[in-house]
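This is query28.cif. It holds mmCIF, C-alpha atoms.
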```cif
data_work
#
loop_
_atom_site.group_PDB
_atom_site.id
_atom_site.type_symbol
_atom_site.label_atom_id
_atom_site.label_comp_id
_atom_site.auth_asym_id
_atom_site.auth_seq_id
_atom_site.Cartn_x
_atom_site.Cartn_y
_atom_site.Cartn_z
ATOM 1 C CA MET A 7 35.056 38.492 2.686
ATOM 2 C CA PRO A 8 34.457 36.908 6.090
ATOM 3 C CA ALA A 9 31.092 35.221 6.537
ATOM 4 C CA HIS A 10 30.364 37.340 9.609
ATOM 5 C CA THR A 11 30.571 40.577 7.614
ATOM 6 C CA THR A 12 28.204 39.141 5.001
ATOM 7 C CA PHE A 13 25.732 38.253 7.756
ATOM 8 C CA VAL A 14 25.852 41.787 9.106
ATOM 9 C CA ASP A 15 25.425 43.327 5.659
ATOM 10 C CA ASP A 16 22.454 41.113 4.882
ATOM 11 C CA HIS A 17 20.928 41.775 8.271
ATOM 12 C CA ASP A 18 21.254 45.523 7.705
ATOM 13 C CA ILE A 19 19.539 45.249 4.338
ATOM 14 C CA VAL A 20 16.741 43.136 5.825
ATOM 15 C CA ARG A 21 16.247 45.773 8.533
ATOM 16 C CA GLN A 22 16.067 48.478 5.857
ATOM 17 C CA VAL A 23 13.432 46.510 3.934
ATOM 18 C CA ILE A 24 11.390 45.939 7.084
ATOM 19 C CA ALA A 25 11.656 49.649 7.816
ATOM 20 C CA GLY A 26 9.883 50.264 4.500
ATOM 21 C CA ASP A 27 12.656 50.533 1.889
ATOM 22 C CA ILE A 28 11.415 48.088 -0.753
ATOM 23 C CA ASN A 29 14.230 48.903 -3.155
ATOM 24 C CA ALA A 30 16.791 47.585 -0.675
ATOM 25 C CA PHE A 31 15.364 44.129 -1.330
ATOM 26 C CA GLY A 32 16.727 44.501 -4.870
ATOM 27 C CA PHE A 33 20.272 44.141 -3.465
ATOM 28 C CA LEU A 34 19.330 40.794 -1.950
ATOM 29 C CA VAL A 35 17.716 39.658 -5.206
ATOM 30 C CA GLN A 36 20.829 40.641 -7.113
ATOM 31 C CA LYS A 37 23.196 39.072 -4.603
ATOM 32 C CA TYR A 38 21.456 35.722 -4.240
ATOM 33 C CA GLN A 39 19.785 35.143 -7.604
ATOM 34 C CA GLY A 40 22.676 32.966 -8.805
ATOM 35 C CA HIS A 41 22.611 30.844 -5.663
ATOM 36 C CA ILE A 42 18.840 30.459 -5.695
ATOM 37 C CA LEU A 43 18.833 29.547 -9.368
ATOM 38 C CA ALA A 44 21.444 26.885 -8.635
ATOM 39 C CA VAL A 45 19.324 25.466 -5.785
ATOM 40 C CA VAL A 46 16.133 25.574 -7.837
ATOM 41 C CA GLY A 47 17.898 24.199 -10.914
ATOM 42 C CA ASN A 48 18.933 21.141 -8.909
ATOM 43 C CA HIS A 49 15.348 20.219 -8.113
ATOM 44 C CA ILE A 50 13.125 21.639 -10.846
ATOM 45 C CA PRO A 51 13.073 21.262 -14.649
ATOM 46 C CA HIS A 52 15.012 24.158 -16.159
ATOM 47 C CA ASN A 53 12.050 25.504 -18.077
ATOM 48 C CA GLN A 54 10.286 26.119 -14.745
ATOM 49 C CA ALA A 55 13.307 27.371 -12.790
ATOM 50 C CA GLU A 56 12.817 31.064 -13.623
ATOM 51 C CA GLU A 57 9.241 31.045 -12.366
ATOM 52 C CA ILE A 58 10.090 29.123 -9.187
ATOM 53 C CA ALA A 59 13.064 31.392 -8.402
ATOM 54 C CA HIS A 60 10.697 34.353 -8.812
ATOM 55 C CA ASP A 61 8.295 32.761 -6.307
ATOM 56 C CA VAL A 62 11.156 32.146 -3.879
ATOM 57 C CA PHE A 63 12.051 35.843 -3.691
ATOM 58 C CA VAL A 64 8.411 36.892 -3.413
ATOM 59 C CA LYS A 65 7.845 34.391 -0.590
ATOM 60 C CA ALA A 66 11.041 35.571 1.108
ATOM 61 C CA TYR A 67 9.825 39.160 0.975
ATOM 62 C CA GLN A 68 6.419 38.191 2.345
ATOM 63 C CA SER A 69 7.995 36.192 5.178
ATOM 64 C CA LEU A 70 10.724 38.688 6.022
ATOM 65 C CA LEU A 71 9.174 39.397 9.414
ATOM 66 C CA THR A 72 9.746 35.766 10.383
ATOM 67 C CA PHE A 73 13.492 36.037 9.665
ATOM 68 C CA LYS A 74 15.453 35.612 12.855
ATOM 69 C CA PHE A 75 18.600 37.669 12.856
ATOM 70 C CA LYS A 76 20.599 34.833 14.449
ATOM 71 C CA GLY A 77 21.536 32.903 11.324
ATOM 72 C CA GLY A 78 22.523 33.795 7.801
ATOM 73 C CA PHE A 79 20.066 35.210 5.288
ATOM 74 C CA LYS A 80 21.478 32.917 2.590
ATOM 75 C CA GLN A 81 20.598 29.804 4.549
ATOM 76 C CA TRP A 82 17.133 31.114 5.368
ATOM 77 C CA LEU A 83 16.555 31.917 1.693
ATOM 78 C CA SER A 84 17.862 28.489 0.650
ATOM 79 C CA ALA A 85 15.372 26.815 2.986
ATOM 80 C CA ILE A 86 12.551 28.793 1.337
ATOM 81 C CA ALA A 87 13.869 27.725 -2.083
ATOM 82 C CA VAL A 88 14.012 24.033 -1.120
ATOM 83 C CA ARG A 89 10.506 24.095 0.348
ATOM 84 C CA THR A 90 9.169 25.902 -2.728
ATOM 85 C CA CYS A 91 10.673 23.186 -4.930
ATOM 86 C CA TYR A 92 9.161 20.497 -2.699
ATOM 87 C CA ASN A 93 5.739 22.181 -2.953
ATOM 88 C CA PHE A 94 6.167 22.356 -6.719
ATOM 89 C CA TRP A 95 6.564 18.570 -6.882
ATOM 90 C CA ARG A 96 3.654 18.008 -4.511
ATOM 91 C CA LYS A 97 1.401 20.031 -6.806
ATOM 92 C CA GLU A 98 2.861 18.380 -9.871
ATOM 93 C CA TYR A 99 2.282 14.870 -8.511
ATOM 94 C CA ARG A 100 -1.316 15.684 -7.629
ATOM 95 C CA SER A 101 -2.099 16.649 -11.203
ATOM 96 C CA ARG A 102 -0.046 14.004 -12.965
ATOM 97 C CA GLU A 103 -1.662 11.424 -15.193
ATOM 98 C CA ILE A 104 1.236 9.070 -15.881
ATOM 99 C CA PRO A 105 0.886 5.740 -14.044
ATOM 100 C CA MET A 106 3.672 5.588 -11.458
ATOM 101 C CA SER A 107 4.312 1.883 -11.557
ATOM 102 C CA SER A 108 4.642 1.103 -15.228
ATOM 103 C CA CYS A 109 8.079 1.057 -16.803
ATOM 104 C CA SER A 110 8.087 1.744 -20.497
ATOM 105 C CA GLU A 111 10.294 0.278 -23.182
ATOM 106 C CA GLU A 112 11.849 3.727 -23.452
ATOM 107 C CA ASP A 113 13.003 3.556 -19.801
ATOM 108 C CA ARG A 114 14.653 0.207 -20.355
ATOM 109 C CA VAL A 115 16.397 1.421 -23.511
ATOM 110 C CA CYS A 116 17.558 4.541 -21.666
ATOM 111 C CA LEU A 117 19.091 2.477 -18.856
ATOM 112 C CA GLU A 118 20.775 0.097 -21.272
ATOM 113 C CA ARG A 119 22.292 3.050 -23.113
ATOM 114 C CA VAL A 120 23.789 4.392 -19.865
ATOM 115 C CA MET A 121 25.163 0.978 -18.950
ATOM 116 C CA ALA A 122 26.598 0.571 -22.447
ATOM 117 C CA SER A 123 28.047 4.104 -22.449
ATOM 118 C CA GLN A 124 29.874 3.379 -19.185
ATOM 119 C CA SER A 125 31.663 0.381 -20.577
ATOM 120 C CA ASN A 126 32.255 1.942 -23.987
ATOM 121 C CA GLN A 127 35.370 4.123 -23.965
ATOM 122 C CA ILE A 128 34.495 5.642 -27.344
ATOM 123 C CA THR A 129 31.304 7.233 -26.058
ATOM 124 C CA SER A 130 31.927 10.806 -25.048
ATOM 125 C CA GLU A 131 31.703 11.845 -21.409
ATOM 126 C CA LYS A 132 29.119 14.481 -22.342
ATOM 127 C CA ASN A 133 26.943 11.909 -24.021
ATOM 128 C CA LEU A 134 27.119 9.607 -21.014
ATOM 129 C CA GLN A 135 26.159 12.457 -18.720
ATOM 130 C CA LYS A 136 23.214 13.387 -20.890
ATOM 131 C CA GLU A 137 21.960 9.813 -20.961
ATOM 132 C CA ALA A 138 22.482 9.396 -17.203
ATOM 133 C CA GLY A 139 20.693 12.676 -16.475
ATOM 134 C CA GLU A 140 17.749 11.574 -18.577
ATOM 135 C CA LEU A 141 17.611 8.189 -16.861
ATOM 136 C CA LEU A 142 17.789 9.785 -13.434
ATOM 137 C CA GLY A 143 14.925 12.117 -14.335
ATOM 138 C CA ARG A 144 12.774 9.174 -15.426
ATOM 139 C CA ALA A 145 13.508 7.264 -12.220
ATOM 140 C CA MET A 146 12.920 10.300 -9.989
ATOM 141 C CA ASP A 147 9.550 10.918 -11.656
ATOM 142 C CA ARG A 148 8.404 7.637 -10.140
ATOM 143 C CA LEU A 149 9.248 8.620 -6.571
ATOM 144 C CA SER A 150 7.000 10.553 -4.213
ATOM 145 C CA PRO A 151 7.830 14.265 -3.720
ATOM 146 C CA GLU A 152 9.163 13.512 -0.207
ATOM 147 C CA ASP A 153 11.447 10.734 -1.405
ATOM 148 C CA ARG A 154 12.530 12.790 -4.365
ATOM 149 C CA ILE A 155 13.580 15.895 -2.442
ATOM 150 C CA VAL A 156 15.425 13.940 0.254
ATOM 151 C CA LEU A 157 17.216 11.782 -2.275
ATOM 152 C CA GLU A 158 18.287 14.803 -4.292
ATOM 153 C CA MET A 159 19.588 16.684 -1.276
ATOM 154 C CA VAL A 160 21.386 13.944 0.619
ATOM 155 C CA TYR A 161 22.258 11.278 -1.901
ATOM 156 C CA LEU A 162 22.841 13.342 -5.036
ATOM 157 C CA GLU A 163 23.950 16.740 -3.752
ATOM 158 C CA GLY A 164 25.839 15.295 -0.804
ATOM 159 C CA LEU A 165 24.318 17.430 1.953
ATOM 160 C CA SER A 166 24.406 16.031 5.468
ATOM 161 C CA ILE A 167 21.215 14.626 6.973
ATOM 162 C CA LYS A 168 21.201 17.441 9.506
ATOM 163 C CA GLU A 169 21.502 20.092 6.801
ATOM 164 C CA ALA A 170 18.715 18.540 4.750
ATOM 165 C CA ALA A 171 16.513 18.321 7.837
ATOM 166 C CA GLY A 172 17.188 21.996 8.540
ATOM 167 C CA PHE A 173 16.272 23.085 5.017
ATOM 168 C CA LEU A 174 13.113 21.000 4.913
ATOM 169 C CA GLY A 175 12.027 21.699 8.477
ATOM 170 C CA TRP A 176 11.802 17.950 9.161
ATOM 171 C CA SER A 177 13.287 15.969 12.020
ATOM 172 C CA VAL A 178 16.677 14.305 11.546
ATOM 173 C CA ALA A 179 15.089 10.898 12.232
ATOM 174 C CA ASN A 180 12.483 11.489 9.534
ATOM 175 C CA VAL A 181 15.156 12.382 6.967
ATOM 176 C CA LYS A 182 17.215 9.316 7.962
ATOM 177 C CA ILE A 183 14.298 6.947 7.486
ATOM 178 C CA ARG A 184 13.216 8.675 4.282
ATOM 179 C CA ILE A 185 16.697 8.515 2.717
ATOM 180 C CA PHE A 186 17.026 4.822 3.540
ATOM 181 C CA ARG A 187 13.641 3.997 2.014
ATOM 182 C CA SER A 188 14.036 6.238 -1.015
ATOM 183 C CA ARG A 189 17.424 4.741 -1.913
ATOM 184 C CA LYS A 190 15.843 1.319 -1.820
ATOM 185 C CA LYS A 191 12.969 2.542 -3.973
ATOM 186 C CA LEU A 192 15.340 4.094 -6.505
ATOM 187 C CA ARG A 193 17.244 0.840 -6.778
ATOM 188 C CA LYS A 194 14.003 -1.053 -7.270
ATOM 189 C CA ILE A 195 12.897 1.374 -9.967
ATOM 190 C CA LEU A 196 16.191 1.146 -11.842
ATOM 191 C CA THR A 197 16.199 -2.635 -11.560
ATOM 192 C CA GLY A 198 12.603 -2.602 -12.750
ATOM 193 C CA PHE A 199 13.619 -0.696 -15.886
ATOM 194 C CA LEU A 200 15.866 -3.598 -16.825
ATOM 195 C CA GLU A 201 13.628 -6.462 -15.878
ATOM 196 C CA ASP A 202 10.327 -5.248 -17.358
ATOM 197 C CA MET B 49 19.506 -8.511 -18.027
ATOM 198 C CA ARG B 50 20.130 -8.236 -14.270
ATOM 199 C CA PHE B 51 22.170 -5.879 -12.104
ATOM 200 C CA ASN B 52 25.069 -7.109 -10.095
ATOM 201 C CA LYS B 53 26.437 -5.019 -7.237
ATOM 202 C CA LYS B 54 29.347 -3.663 -9.256
ATOM 203 C CA ASP B 55 27.086 -2.611 -12.142
ATOM 204 C CA TYR B 56 24.747 -0.839 -9.793
ATOM 205 C CA THR B 57 27.580 1.003 -8.026
ATOM 206 C CA GLN B 58 28.875 2.159 -11.401
ATOM 207 C CA LEU B 59 25.431 3.272 -12.422
ATOM 208 C CA GLU B 60 25.010 5.153 -9.151
ATOM 209 C CA THR B 61 28.303 6.951 -9.701
ATOM 210 C CA ALA B 62 27.247 7.941 -13.206
ATOM 211 C CA LEU B 63 23.887 9.209 -11.973
ATOM 212 C CA ILE B 64 25.426 11.262 -9.156
ATOM 213 C CA LYS B 65 27.989 12.738 -11.527
ATOM 214 C CA ALA B 66 25.310 13.597 -14.072
ATOM 215 C CA TYR B 67 23.241 15.268 -11.369
ATOM 216 C CA ARG B 68 26.112 17.326 -9.977
ATOM 217 C CA GLU B 69 27.451 18.423 -13.320
ATOM 218 C CA LYS B 70 24.217 19.367 -15.013
ATOM 219 C CA GLU B 71 24.022 22.890 -16.388
ATOM 220 C CA LYS B 72 22.636 25.622 -14.199
ATOM 221 C CA PRO B 73 19.526 27.404 -15.459
ATOM 222 C CA GLN B 74 19.834 30.944 -16.735
ATOM 223 C CA VAL B 75 17.354 33.748 -16.331
ATOM 224 C CA SER B 76 16.443 36.453 -18.801
ATOM 225 C CA GLU B 77 17.575 40.052 -18.267
ATOM 226 C CA GLN B 78 13.972 40.977 -17.599
ATOM 227 C CA TRP B 79 13.687 38.476 -14.722
ATOM 228 C CA GLU B 80 15.142 40.632 -11.937
ATOM 229 C CA MET B 81 12.962 43.561 -12.989
ATOM 230 C CA ASN B 82 9.875 41.352 -12.945
ATOM 231 C CA VAL B 83 10.676 40.104 -9.444
ATOM 232 C CA MET B 84 11.145 43.630 -8.100
ATOM 233 C CA GLN B 85 8.004 44.799 -9.897
ATOM 234 C CA HIS B 86 6.045 42.011 -8.202
ATOM 235 C CA ILE B 87 7.554 42.868 -4.825
ATOM 236 C CA ARG B 88 6.780 46.573 -5.226
ATOM 237 C CA SER B 89 3.194 45.682 -6.082
ATOM 238 C CA LEU B 90 2.929 43.994 -2.651
ATOM 239 C CA GLY B 91 3.739 47.311 -0.972
ATOM 240 C CA ALA B 92 6.230 48.307 1.688
ATOM 241 C CA PHE B 93 6.326 46.937 5.223
ATOM 242 C CA PRO B 94 4.276 46.797 7.309
ATOM 243 C CA PHE B 95 1.808 45.407 4.784
ATOM 244 C CA LYS B 96 -1.463 43.791 5.656
ATOM 245 C CA THR B 97 -1.193 40.041 5.811
ATOM 246 C CA SER B 98 -4.382 38.074 5.328
ATOM 247 C CA PRO B 99 -5.581 36.104 8.378
ATOM 248 C CA PHE B 100 -5.362 32.908 6.322
ATOM 249 C CA LYS B 101 -1.713 33.583 5.570
ATOM 250 C CA LEU B 102 -1.031 34.278 9.229
ATOM 251 C CA PHE B 103 -2.780 31.065 10.212
ATOM 252 C CA GLU B 104 -0.715 29.180 7.642
ATOM 253 C CA GLN B 105 2.465 30.621 9.160
ATOM 254 C CA PHE B 106 1.698 30.404 12.858
ATOM 255 C CA GLY B 107 -1.409 28.263 13.360
ATOM 256 C CA TRP B 108 0.354 24.942 13.031
ATOM 257 C CA ARG B 109 2.659 25.849 15.920
ATOM 258 C CA PHE B 110 -0.293 25.456 18.252
ATOM 259 C CA ALA B 111 -1.312 22.074 16.841
ATOM 260 C CA PRO B 112 0.474 19.923 19.481
ATOM 261 C CA ALA B 113 -0.960 22.034 22.317
ATOM 262 C CA VAL B 114 -4.451 21.772 20.806
ATOM 263 C CA CYS B 115 -4.116 17.990 20.498
ATOM 264 C CA VAL B 116 -3.079 17.698 24.151
ATOM 265 C CA LEU B 117 -5.977 19.958 25.152
ATOM 266 C CA ILE B 118 -8.459 17.811 23.203
ATOM 267 C CA VAL B 119 -7.183 14.648 24.886
ATOM 268 C CA LEU B 120 -7.378 16.269 28.352
ATOM 269 C CA LEU B 121 -10.882 17.621 27.748
ATOM 270 C CA THR B 122 -12.066 14.247 26.452
ATOM 271 C CA PHE B 123 -10.623 12.541 29.504
ATOM 272 C CA TRP B 124 -12.266 15.141 31.762
ATOM 273 C CA MET B 125 -15.649 14.718 30.038
ATOM 274 C CA VAL B 126 -15.471 10.936 30.355
ATOM 275 C CA LYS B 127 -14.476 11.230 34.013
ATOM 276 C CA LEU B 128 -17.282 13.679 34.713
ATOM 277 C CA ASP B 129 -19.716 11.220 33.184
ATOM 278 C CA PHE B 130 -21.487 14.153 31.581
ATOM 279 C CA ALA B 131 -24.216 13.258 29.112
ATOM 280 C CA PRO B 132 -26.671 16.097 28.295
ATOM 281 C CA GLU B 133 -29.517 13.699 27.393
ATOM 282 C CA ASP B 134 -29.239 11.919 30.740
ATOM 283 C CA GLU B 135 -29.114 15.218 32.628
ATOM 284 C CA MET B 136 -32.271 16.396 30.836
ATOM 285 C CA ALA B 137 -34.056 13.126 31.507
ATOM 286 C CA ILE B 138 -33.171 13.274 35.209
ATOM 287 C CA PHE B 139 -34.301 16.899 35.380
ATOM 288 C CA SER B 140 -37.657 16.188 33.690
ATOM 289 C CA ILE B 141 -38.329 13.240 36.028
ATOM 290 C CA GLU B 142 -37.409 15.165 39.161
ATOM 291 C CA HIS B 143 -39.101 18.440 38.166
ATOM 292 C CA PRO B 144 -41.925 17.521 35.772
ATOM 293 C CA ILE B 145 -43.685 20.889 36.081
ATOM 294 C CA GLU B 146 -40.672 23.125 35.532
ATOM 295 C CA ALA B 147 -39.335 20.980 32.755
ATOM 296 C CA SER B 148 -41.549 22.333 30.020
ATOM 297 C CA TYR B 149 -40.495 22.501 26.418
ATOM 298 C CA VAL B 150 -39.908 26.197 26.834
ATOM 299 C CA GLU B 151 -37.573 25.745 29.771
ATOM 300 C CA MET B 152 -35.647 22.903 28.253
ATOM 301 C CA PRO B 153 -33.767 24.934 25.688
ATOM 302 C CA GLY B 154 -33.052 27.473 28.389
ATOM 303 C CA LEU B 155 -35.492 30.156 27.249
#
```
In C-alpha cells, what does this structure look like?
Amino acid sequence: MPAHTTFVDDHDIVRQVIAGDINAFGFLVQKYQGHILAVVGNHIPHNQAEEIAHDVFVKAYQSLLTFKFKGGFKQWLSAIAVRTCYNFWRKEYRSREIPMSSCSEEDRVCLERVMASQSNQITSEKNLQKEAGELLGRAMDRLSPEDRIVLEMVYLEGLSIKEAAGFLGWSVANVKIRIFRSRKKLRKILTGFLED
Amino acid sequence: MRFNKKDYTQLETALIKAYREKEKPQVSEQWEMNVMQHIRSLGAFPFKTSPFKLFEQFGWRFAPAVCVLIVLLTFWMVKLDFAPEDEMAIFSIEHPIEASYVEMPGL
C-alpha cells in the first residue's frame, strides 16, 4: 500500500476521533500497537513495556488536537513513544539508589564473558547475544537518560541524527554533541568494567 | 586486562547486534481492551483539558518571548533610573505636608 494512502486513512480516522467517535481510535491502537511495542521495547525493560505502550496511546489520544495533518500519524505517534520512554528513564534515574560510578565485580565478569564468547567459536550465537545484551544494559544504566536515549537511537538503532532530533524535539546540534559525548562515556564505562 | 582498538570494535559490534536482535515484547490479549477502556473513560472530544495540562503543552512556547521581554523591561527600568524609595524620599522632602503616612501608600 502506498504511504500516501496510509497517511490519508490515518488522517481520516484522526478526524473521526476528533469529531467525537472514540471507538475509531481503536483502529489506530490496533494498527500501530506492534510498531509502538517495538519502539518501546527498544528503550524500556520488557516487563514495563506493556504499561508504557498503554501510556503512549493514552497520551496520543489526549494530544490528538495538536496533531498536524501534514505528516504521518505513525511518525507523530513514534515521537510520543520515544519521549515517553525518555521520561520513564528520567523518573527512574531520580528514584534510583545504585551509585552510578561504581563498577561491580559482576560487571567485570560480564564483560569478560562477552569478550571470551566472541573469540570462542564453540559458544553459541544466542549465548553471546544474551551476554552482550546484559552487558549493554549494565553499561547503559550508568548513563544519564539523555545520553542513554540518544545513544540507543543513533548508535544502536542506526537512526540518523536528524531523525533522532525530530523524535526527541531537540536541535540537530544538541543531538550531535550528545552522541559524541555519550559514545565516549560508554567507552569509558566499558573500559572501567575491565580495569576496576 | 586492557582494551585495544580491535577488541573494542568487536565488542561494539556484538553490543549493537545484541541490541538490534533482542526479542520484541509481547502484550496480553487484555491489553488493547484496557487501553480502549482507559481512553473511553477520558470521554469523547472535545473534552475539558486542565489549565495545567494546557500550560504544559503550550506555555513553554512563549518562554523565549518572555525572556526577551524580561531583558527589555530590565534594561528600560535601569535606563529610567526608577527607584521607588528614592521617588518617595524626594516627594516627602518636596511636599512634607502632603506626604503623610496615609498618602504614601496611595490611600
| task | Please identify every residue of chain A that has at least one atom no more than 6 Å from any atom of chain B, counting all atoms listed in the file, and report them as an MDAnalysis selection string. | result | chainID A and resid 24 26 28 44 47 52 56 60 135 138:139 162
| For Tyr161 (chain A): contacts at 12 Å, only C-alpha atoms, fewer than 2 positions along chain excluded, given as number ranges by chain | A: 153-159, 163-167, 170, 181-182, 184-190, 192; B: 60-61, 63-65, 67-68
Could you dump the residues just selected with C-alpha atoms as an mmCIF file, keeping the file's coordinate frame?
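Heads up, here's the output in result-v6.cif:
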```
data_model
loop_
_atom_site.group_PDB
_atom_site.id
_atom_site.type_symbol
_atom_site.label_atom_id
_atom_site.label_comp_id
_atom_site.auth_asym_id
_atom_site.auth_seq_id
_atom_site.Cartn_x
_atom_site.Cartn_y
_atom_site.Cartn_z
ATOM 1 C CA ASP A 153 11.447 10.734 -1.405
ATOM 2 C CA ARG A 154 12.530 12.790 -4.365
ATOM 3 C CA ILE A 155 13.580 15.895 -2.442
ATOM 4 C CA VAL A 156 15.425 13.940 0.254
ATOM 5 C CA LEU A 157 17.216 11.782 -2.275
ATOM 6 C CA GLU A 158 18.287 14.803 -4.292
ATOM 7 C CA MET A 159 19.588 16.684 -1.276
ATOM 8 C CA GLU A 163 23.950 16.740 -3.752
ATOM 9 C CA GLY A 164 25.839 15.295 -0.804
ATOM 10 C CA LEU A 165 24.318 17.430 1.953
ATOM 11 C CA SER A 166 24.406 16.031 5.468
ATOM 12 C CA ILE A 167 21.215 14.626 6.973
ATOM 13 C CA ALA A 170 18.715 18.540 4.750
ATOM 14 C CA VAL A 181 15.156 12.382 6.967
ATOM 15 C CA LYS A 182 17.215 9.316 7.962
ATOM 16 C CA ARG A 184 13.216 8.675 4.282
ATOM 17 C CA ILE A 185 16.697 8.515 2.717
ATOM 18 C CA PHE A 186 17.026 4.822 3.540
ATOM 19 C CA ARG A 187 13.641 3.997 2.014
ATOM 20 C CA SER A 188 14.036 6.238 -1.015
ATOM 21 C CA ARG A 189 17.424 4.741 -1.913
ATOM 22 C CA LYS A 190 15.843 1.319 -1.820
ATOM 23 C CA LEU A 192 15.340 4.094 -6.505
ATOM 24 C CA GLU B 60 25.010 5.153 -9.151
ATOM 25 C CA THR B 61 28.303 6.951 -9.701
ATOM 26 C CA LEU B 63 23.887 9.209 -11.973
ATOM 27 C CA ILE B 64 25.426 11.262 -9.156
ATOM 28 C CA LYS B 65 27.989 12.738 -11.527
ATOM 29 C CA TYR B 67 23.241 15.268 -11.369
ATOM 30 C CA ARG B 68 26.112 17.326 -9.977
#
```
| said: As an exercise, work out the distance from CA of Ala85 (chain A) to CA of Gly172 (chain A) in Å and give it to one decimal place. | reply: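 Calculated distance between CA of Ala85 (chain A) and CA of Gly172 (chain A) is 7.6 Å.
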Dig up all the protein and nucleic acid residues within 7 Å of (10.4, 42.8, 3.8) in the file frame, using all atoms listed in the file, and format them as a tab-separated table (two decimals) with C-alpha atoms, keeping the file's coordinate frame.
```tsv
chain	number	residue	atom	x	y	z
A	20	VAL	CA	16.74	43.14	5.82
A	23	VAL	CA	13.43	46.51	3.93
A	24	ILE	CA	11.39	45.94	7.08
A	67	TYR	CA	9.82	39.16	0.98
A	68	GLN	CA	6.42	38.19	2.35
A	70	LEU	CA	10.72	38.69	6.02
A	71	LEU	CA	9.17	39.40	9.41
B	93	PHE	CA	6.33	46.94	5.22
```
| query | What does the distance between CA of Phe103 (chain B) and CA of Ala59 (chain A) come to in Å, to one decimal place? | reply |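 Here the two named atoms are 24.4 Å from each other.
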| Just how far from CA of His49 (chain A) is CA of Asp16 (chain A), in Å to one decimal? |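 Distance reported for this atom pair: 25.6 Å.
You can rank A:Glu152, A:Met146, A:Gln22, A:Arg193 by their closest distance to Thr57 (chain B) using only C-alpha atoms, and at the top of that list sits A:Arg193.
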5 Å per side around region 176-189 of chain A: axis-aligned box centre and edge lengths, as JSON:
```
{"center_x": 14.6, "center_y": 11.0, "center_z": 5.2, "size_x": 15.6, "size_y": 24.0, "size_z": 24.1}
```
| said: When you look at Lys74 (chain A) with a cut-off of 12 Å (counting only C-alpha atoms), what residues show up, excluding the ones that are within fewer than 4 positions of it in the same chain? I need them as a PyMOL selection string. | reply: chain A and resi 13+16-17+20-21+69-70+78-79+81-83
| task | Name the closest residue to Asp15 (chain A) among the candidates A:Lys136, A:Phe75, A:Glu118, A:Asn48; distances are taken between atoms, counting only C-alpha atoms. | result | A:Phe75
Give me the residues near Arg89 (chain A) as a PDB file with C-alpha atoms, keeping the file's coordinate frame, where near means some atom within 10 Å (using only C-alpha atoms) and where sequence neighbours in that chain fewer than 2 positions away do not count.
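selection-v1.pdb was written with the following content:
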```pdb
ATOM      1  CA  VAL A  62      11.156  32.146  -3.879  1.00  0.00           C
ATOM      2  CA  LEU A  83      16.555  31.917   1.693  1.00  0.00           C
ATOM      3  CA  SER A  84      17.862  28.489   0.650  1.00  0.00           C
ATOM      4  CA  ALA A  85      15.372  26.815   2.986  1.00  0.00           C
ATOM      5  CA  ILE A  86      12.551  28.793   1.337  1.00  0.00           C
ATOM      6  CA  ALA A  87      13.869  27.725  -2.083  1.00  0.00           C
ATOM      7  CA  CYS A  91      10.673  23.186  -4.930  1.00  0.00           C
ATOM      8  CA  TYR A  92       9.161  20.497  -2.699  1.00  0.00           C
ATOM      9  CA  ASN A  93       5.739  22.181  -2.953  1.00  0.00           C
ATOM     10  CA  PHE A  94       6.167  22.356  -6.719  1.00  0.00           C
ATOM     11  CA  TRP A  95       6.564  18.570  -6.882  1.00  0.00           C
ATOM     12  CA  ILE A 155      13.580  15.895  -2.442  1.00  0.00           C
ATOM     13  CA  PHE A 173      16.272  23.085   5.017  1.00  0.00           C
ATOM     14  CA  LEU A 174      13.113  21.000   4.913  1.00  0.00           C
ATOM     15  CA  GLY A 175      12.027  21.699   8.477  1.00  0.00           C
TER      16      GLY A 175
END
```
Please export region 184-194 of chain A as a PDB file, in the first residue's frame, restricted to N, CA and C atoms.
```pdb
ATOM      1  N   ARG A 184      25.594  15.454  21.946  1.00  0.00           N
ATOM      2  CA  ARG A 184      25.209  14.417  22.918  1.00  0.00           C
ATOM      3  C   ARG A 184      25.722  13.035  22.488  1.00  0.00           C
ATOM      4  N   ILE A 185      25.594  12.739  21.189  1.00  0.00           N
ATOM      5  CA  ILE A 185      26.012  11.405  20.712  1.00  0.00           C
ATOM      6  C   ILE A 185      27.534  11.255  20.826  1.00  0.00           C
ATOM      7  N   PHE A 186      28.244  12.332  20.541  1.00  0.00           N
ATOM      8  CA  PHE A 186      29.704  12.292  20.641  1.00  0.00           C
ATOM      9  C   PHE A 186      30.128  12.038  22.094  1.00  0.00           C
ATOM     10  N   ARG A 187      29.526  12.785  23.002  1.00  0.00           N
ATOM     11  CA  ARG A 187      29.876  12.642  24.423  1.00  0.00           C
ATOM     12  C   ARG A 187      29.450  11.289  24.981  1.00  0.00           C
ATOM     13  N   SER A 188      28.237  10.855  24.598  1.00  0.00           N
ATOM     14  CA  SER A 188      27.740   9.606  25.181  1.00  0.00           C
ATOM     15  C   SER A 188      28.527   8.391  24.688  1.00  0.00           C
ATOM     16  N   ARG A 189      29.015   8.452  23.453  1.00  0.00           N
ATOM     17  CA  ARG A 189      29.841   7.339  22.952  1.00  0.00           C
ATOM     18  C   ARG A 189      31.140   7.258  23.738  1.00  0.00           C
ATOM     19  N   LYS A 190      31.676   8.429  24.035  1.00  0.00           N
ATOM     20  CA  LYS A 190      32.907   8.474  24.831  1.00  0.00           C
ATOM     21  C   LYS A 190      32.661   7.914  26.229  1.00  0.00           C
ATOM     22  N   LYS A 191      31.503   8.317  26.787  1.00  0.00           N
ATOM     23  CA  LYS A 191      31.162   7.851  28.140  1.00  0.00           C
ATOM     24  C   LYS A 191      30.977   6.338  28.165  1.00  0.00           C
ATOM     25  N   LEU A 192      30.309   5.823  27.125  1.00  0.00           N
ATOM     26  CA  LEU A 192      30.073   4.371  27.073  1.00  0.00           C
ATOM     27  C   LEU A 192      31.404   3.626  27.022  1.00  0.00           C
ATOM     28  N   ARG A 193      32.314   4.143  26.225  1.00  0.00           N
ATOM     29  CA  ARG A 193      33.624   3.511  26.107  1.00  0.00           C
ATOM     30  C   ARG A 193      34.340   3.518  27.458  1.00  0.00           C
ATOM     31  N   LYS A 194      34.229   4.652  28.131  1.00  0.00           N
ATOM     32  CA  LYS A 194      34.876   4.791  29.442  1.00  0.00           C
ATOM     33  C   LYS A 194      34.271   3.795  30.444  1.00  0.00           C
TER      34      LYS A 194
END
```
